[in-house]
Every structure is written in C-alpha cells, then in structure tokens.
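K.L.:
Below is one structure. I have some questions about it.
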Amino acid sequence: MPTVTIHPSGKSIEVPAGTTLAAAIVAAGEAMVLKCEGKGECESCHVFVQEGRKSLSRIQRQENERLDSIVGVGSKSRLACQALLGGENVVVELLGFASGL
Ligand code: FES
C-alpha cells in the first residue's frame with residue numbers, strides 16, 4: 001500500500017491503491033475542505049505533488065480545465081479529489097488553507 005506524506009505537517013498515512021489523494025489527506029487528520037464534495041468542480045483541494053506524481057491517475061479533461069483556472073497553478077498541481085493513488089509513495093504539499101500561506 002502506498003504511503004502519503006503531507007507537508008507542511010509531516011503527517012503520513014498508508015492507504016490502499018485507488019484511494020483518492022483527498023481521502024488520504026482527510027484520513028490523515030488534515031483539515032481539507034472539499035467544497036464541491038470531490039466532484040472536481042472547485043479548487044479547494046488543490047495541492048502540489050512533490051513526489052510520486054507519475055504513479056497517480058492521469059489528469060482528465062475536467063481536472064485539467066479546472067486547474068487552468070487556478071491562480072498559482074504549477075506543473076506539480078493536482079486536484080486531490082481527482083487523483084487516485086497508484087502503487088508508489090506520494091509526498092504532497094497542502095496550499096493556503098493548511099499551510100498558513
Ligand atoms: S473538492 Fe472540489 S475540486 Fe476537489
């Protein structure tokens with residue numbers, strides 16, 4: 001099972017492959033708000049994936065379009081509710097709501 005490590009808190013959790021990044025982050029005890037309830041229609045779950053990006057599910061059209069509208073988006077950006085974990089460990093950085101930025 002892949003381990004998800006979350007910065008800046010440093011919390012980590014082991015979850016089954018196929019779990020969304022958002023579910024793993026919430027299960028680890030982070031206060032991630034999912035405004036659209038994980039439908040890929042907002043940007044409240046925007047994270048930077050620092051390690052393990054290639055093992056995540058591919059970005060689909062809806063996520064891509066939503067990411068395009070986010071200020072501060074980068075090559076490491078994902079919507080955590082749309083990214084499914086694969087077999088490798090992942091390191092994510094929470095933005096704004098939890099990082100104090
Ligand atoms: S919770 Fe709205 S896009 Fe992820």
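We label chains A, B, ... in the order they appear in the structure tokens, count residues from 1 in each chain, and number ligands from 1 in the order shown.
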Which residues form the shell of 9 Å around ligand 1 when you count only C-alpha atoms and all ligand atoms, given as a list in words?
P.N.:
Ala22, Met32, Val33, Leu34, Lys35, Cys36, Glu37, Gly38, Lys39, Gly40, Glu41, Cys42, Glu43, Ser44, Cys45, His46, Glu63, Arg66, Leu79, Ala80, Cys81 and Gln82 of chain A
K.L.:
If you run DSSP over the backbone, which residues in range 11-98 of chain A end up alpha helix (DSSP H)? Put them as a PyMOL selection string.
P.N.:
chain A and resi 21-27+61-68
K.L.:
Fewer than 2 positions away in the same chain doesn't count, so skip those; otherwise give me all residues within 6 Å of range 47-60 of chain A, counting only C-alpha atoms, as number ranges by chain.
P.N.:
A: 62-63, 76-78, 83-86, 88-95
K.L.:
Include N, CA and C atoms and write out the residues we just selected as a CSV table (one decimal), in the first residue's frame.
P.N.:
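Once written, result39.csv looks like this:
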```
chain,number,residue,atom,x,y,z
A,62,GLN,N,-11.7,17.3,-17.2
A,62,GLN,CA,-12.4,18.2,-16.2
A,62,GLN,C,-11.3,18.8,-15.2
A,63,GLU,N,-10.5,18.0,-14.7
A,63,GLU,CA,-9.5,18.4,-13.8
A,63,GLU,C,-8.5,19.4,-14.5
A,76,LYS,N,3.3,20.8,-10.7
A,76,LYS,CA,3.1,19.8,-9.6
A,76,LYS,C,1.6,19.8,-9.1
A,77,SER,N,0.8,20.7,-9.7
A,77,SER,CA,-0.6,20.8,-9.2
A,77,SER,C,-1.4,19.6,-9.5
A,78,ARG,N,-2.3,19.3,-8.6
A,78,ARG,CA,-3.4,18.3,-8.8
A,78,ARG,C,-4.5,18.7,-8.0
A,83,ALA,N,-7.2,12.8,-8.1
A,83,ALA,CA,-6.0,12.0,-8.3
A,83,ALA,C,-6.1,10.7,-7.4
A,84,LEU,N,-6.1,9.6,-8.1
A,84,LEU,CA,-6.1,8.3,-7.5
A,84,LEU,C,-4.7,7.8,-7.3
A,85,LEU,N,-4.5,7.2,-6.1
A,85,LEU,CA,-3.1,6.7,-5.8
A,85,LEU,C,-2.9,5.4,-6.6
A,86,GLY,N,-1.6,5.3,-7.0
A,86,GLY,CA,-1.2,4.1,-7.6
A,86,GLY,C,-0.4,3.3,-6.6
A,88,GLU,N,2.9,3.6,-5.8
A,88,GLU,CA,4.1,4.3,-5.2
A,88,GLU,C,3.7,5.3,-4.1
A,89,ASN,N,4.7,5.5,-3.2
A,89,ASN,CA,4.5,6.6,-2.2
A,89,ASN,C,4.4,7.9,-2.8
A,90,VAL,N,3.7,8.8,-2.2
A,90,VAL,CA,3.5,10.2,-2.7
A,90,VAL,C,3.7,11.2,-1.5
A,91,VAL,N,4.3,12.3,-1.9
A,91,VAL,CA,4.5,13.4,-1.0
A,91,VAL,C,3.7,14.6,-1.5
A,92,VAL,N,2.9,15.2,-0.7
A,92,VAL,CA,2.1,16.3,-1.2
A,92,VAL,C,2.3,17.5,-0.3
A,93,GLU,N,2.1,18.7,-0.9
A,93,GLU,CA,2.2,19.9,-0.1
A,93,GLU,C,0.8,20.6,-0.1
A,94,LEU,N,0.3,20.8,1.1
A,94,LEU,CA,-1.0,21.5,1.1
A,94,LEU,C,-0.8,23.0,0.9
A,95,LEU,N,-1.8,23.6,0.3
A,95,LEU,CA,-1.6,25.0,-0.1
A,95,LEU,C,-2.7,25.9,0.7
```
K.L.:
Mind the document's chain letters and residue numbers, and return as a ChimeraX atom specification the residues of chain A that DSSP labels strand (DSSP E or B).
P.N.:
/A:3-7,11-14,20,46-51,77-79,84,90-94
K.L.:
Save the residues we just selected, N, CA and C atoms, as a short mmCIF file (atom, residue, chain, number, x, y, z; two decimals), in the first residue's frame?
P.N.:
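Output saved as out_28.cif:
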```cif
data_model
loop_
_atom_site.label_atom_id
_atom_site.label_comp_id
_atom_site.auth_asym_id
_atom_site.auth_seq_id
_atom_site.Cartn_x
_atom_site.Cartn_y
_atom_site.Cartn_z
N THR A 3 2.19 4.99 0.76
CA THR A 3 2.15 5.92 1.87
C THR A 3 2.07 7.34 1.31
N VAL A 4 1.17 8.13 1.90
CA VAL A 4 1.05 9.54 1.52
C VAL A 4 1.61 10.37 2.66
N THR A 5 2.61 11.18 2.35
CA THR A 5 3.19 12.09 3.33
C THR A 5 2.75 13.50 2.99
N ILE A 6 2.32 14.22 4.01
CA ILE A 6 1.68 15.51 3.79
C ILE A 6 2.50 16.61 4.45
N HIS A 7 2.86 17.60 3.69
CA HIS A 7 3.58 18.76 4.21
C HIS A 7 2.65 19.97 4.20
N LYS A 11 2.63 14.75 8.50
CA LYS A 11 1.81 13.57 8.77
C LYS A 11 1.92 12.60 7.61
N SER A 12 1.77 11.32 7.89
CA SER A 12 1.74 10.35 6.80
C SER A 12 0.72 9.28 7.12
N ILE A 13 0.25 8.65 6.05
CA ILE A 13 -0.77 7.61 6.20
C ILE A 13 -0.59 6.61 5.07
N GLU A 14 -0.85 5.37 5.40
CA GLU A 14 -0.80 4.30 4.40
C GLU A 14 -2.23 4.00 3.98
N THR A 20 -8.42 8.15 -3.32
CA THR A 20 -8.09 9.49 -3.81
C THR A 20 -7.10 10.15 -2.85
N HIS A 46 -6.80 21.80 -4.17
CA HIS A 46 -5.57 21.96 -4.96
C HIS A 46 -4.35 21.72 -4.08
N VAL A 47 -3.48 20.82 -4.52
CA VAL A 47 -2.24 20.52 -3.80
C VAL A 47 -1.08 20.49 -4.80
N PHE A 48 0.11 20.58 -4.28
CA PHE A 48 1.30 20.31 -5.08
C PHE A 48 1.79 18.90 -4.74
N VAL A 49 2.00 18.10 -5.74
CA VAL A 49 2.54 16.76 -5.53
C VAL A 49 4.05 16.83 -5.72
N GLN A 50 4.76 16.68 -4.63
CA GLN A 50 6.22 16.84 -4.67
C GLN A 50 6.93 15.58 -5.12
N GLU A 51 6.38 14.44 -4.78
CA GLU A 51 7.00 13.15 -5.18
C GLU A 51 5.89 12.17 -5.52
N SER A 77 0.81 20.68 -9.71
CA SER A 77 -0.56 20.84 -9.22
C SER A 77 -1.44 19.65 -9.55
N ARG A 78 -2.26 19.28 -8.61
CA ARG A 78 -3.35 18.32 -8.82
C ARG A 78 -4.53 18.73 -7.96
N LEU A 79 -5.72 18.31 -8.40
CA LEU A 79 -6.89 18.40 -7.54
C LEU A 79 -6.93 17.07 -6.79
N LEU A 84 -6.07 9.58 -8.15
CA LEU A 84 -6.11 8.27 -7.49
C LEU A 84 -4.69 7.77 -7.29
N VAL A 90 3.70 8.81 -2.16
CA VAL A 90 3.46 10.16 -2.67
C VAL A 90 3.71 11.17 -1.55
N VAL A 91 4.31 12.29 -1.92
CA VAL A 91 4.50 13.40 -0.99
C VAL A 91 3.75 14.60 -1.55
N VAL A 92 2.85 15.17 -0.75
CA VAL A 92 2.08 16.32 -1.20
C VAL A 92 2.30 17.51 -0.28
N GLU A 93 2.11 18.67 -0.85
CA GLU A 93 2.20 19.91 -0.09
C GLU A 93 0.83 20.58 -0.12
N LEU A 94 0.28 20.81 1.05
CA LEU A 94 -1.01 21.49 1.12
C LEU A 94 -0.79 22.99 0.90
#
```
K.L.:
Quote the spacing between CA of Pro16 in chain A and CA of Gly87 in chain A in Å to one decimal place.
P.N.:
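That distance, rounded to one decimal, is 8.4 Å.
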K.L.:
Between CA of Pro2 in chain A and CA of Val26 in chain A, what is the distance, to one decimal in Å?
P.N.:
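We find that CA of Pro2 in chain A and CA of Val26 in chain A lie 15.5 Å from each other.
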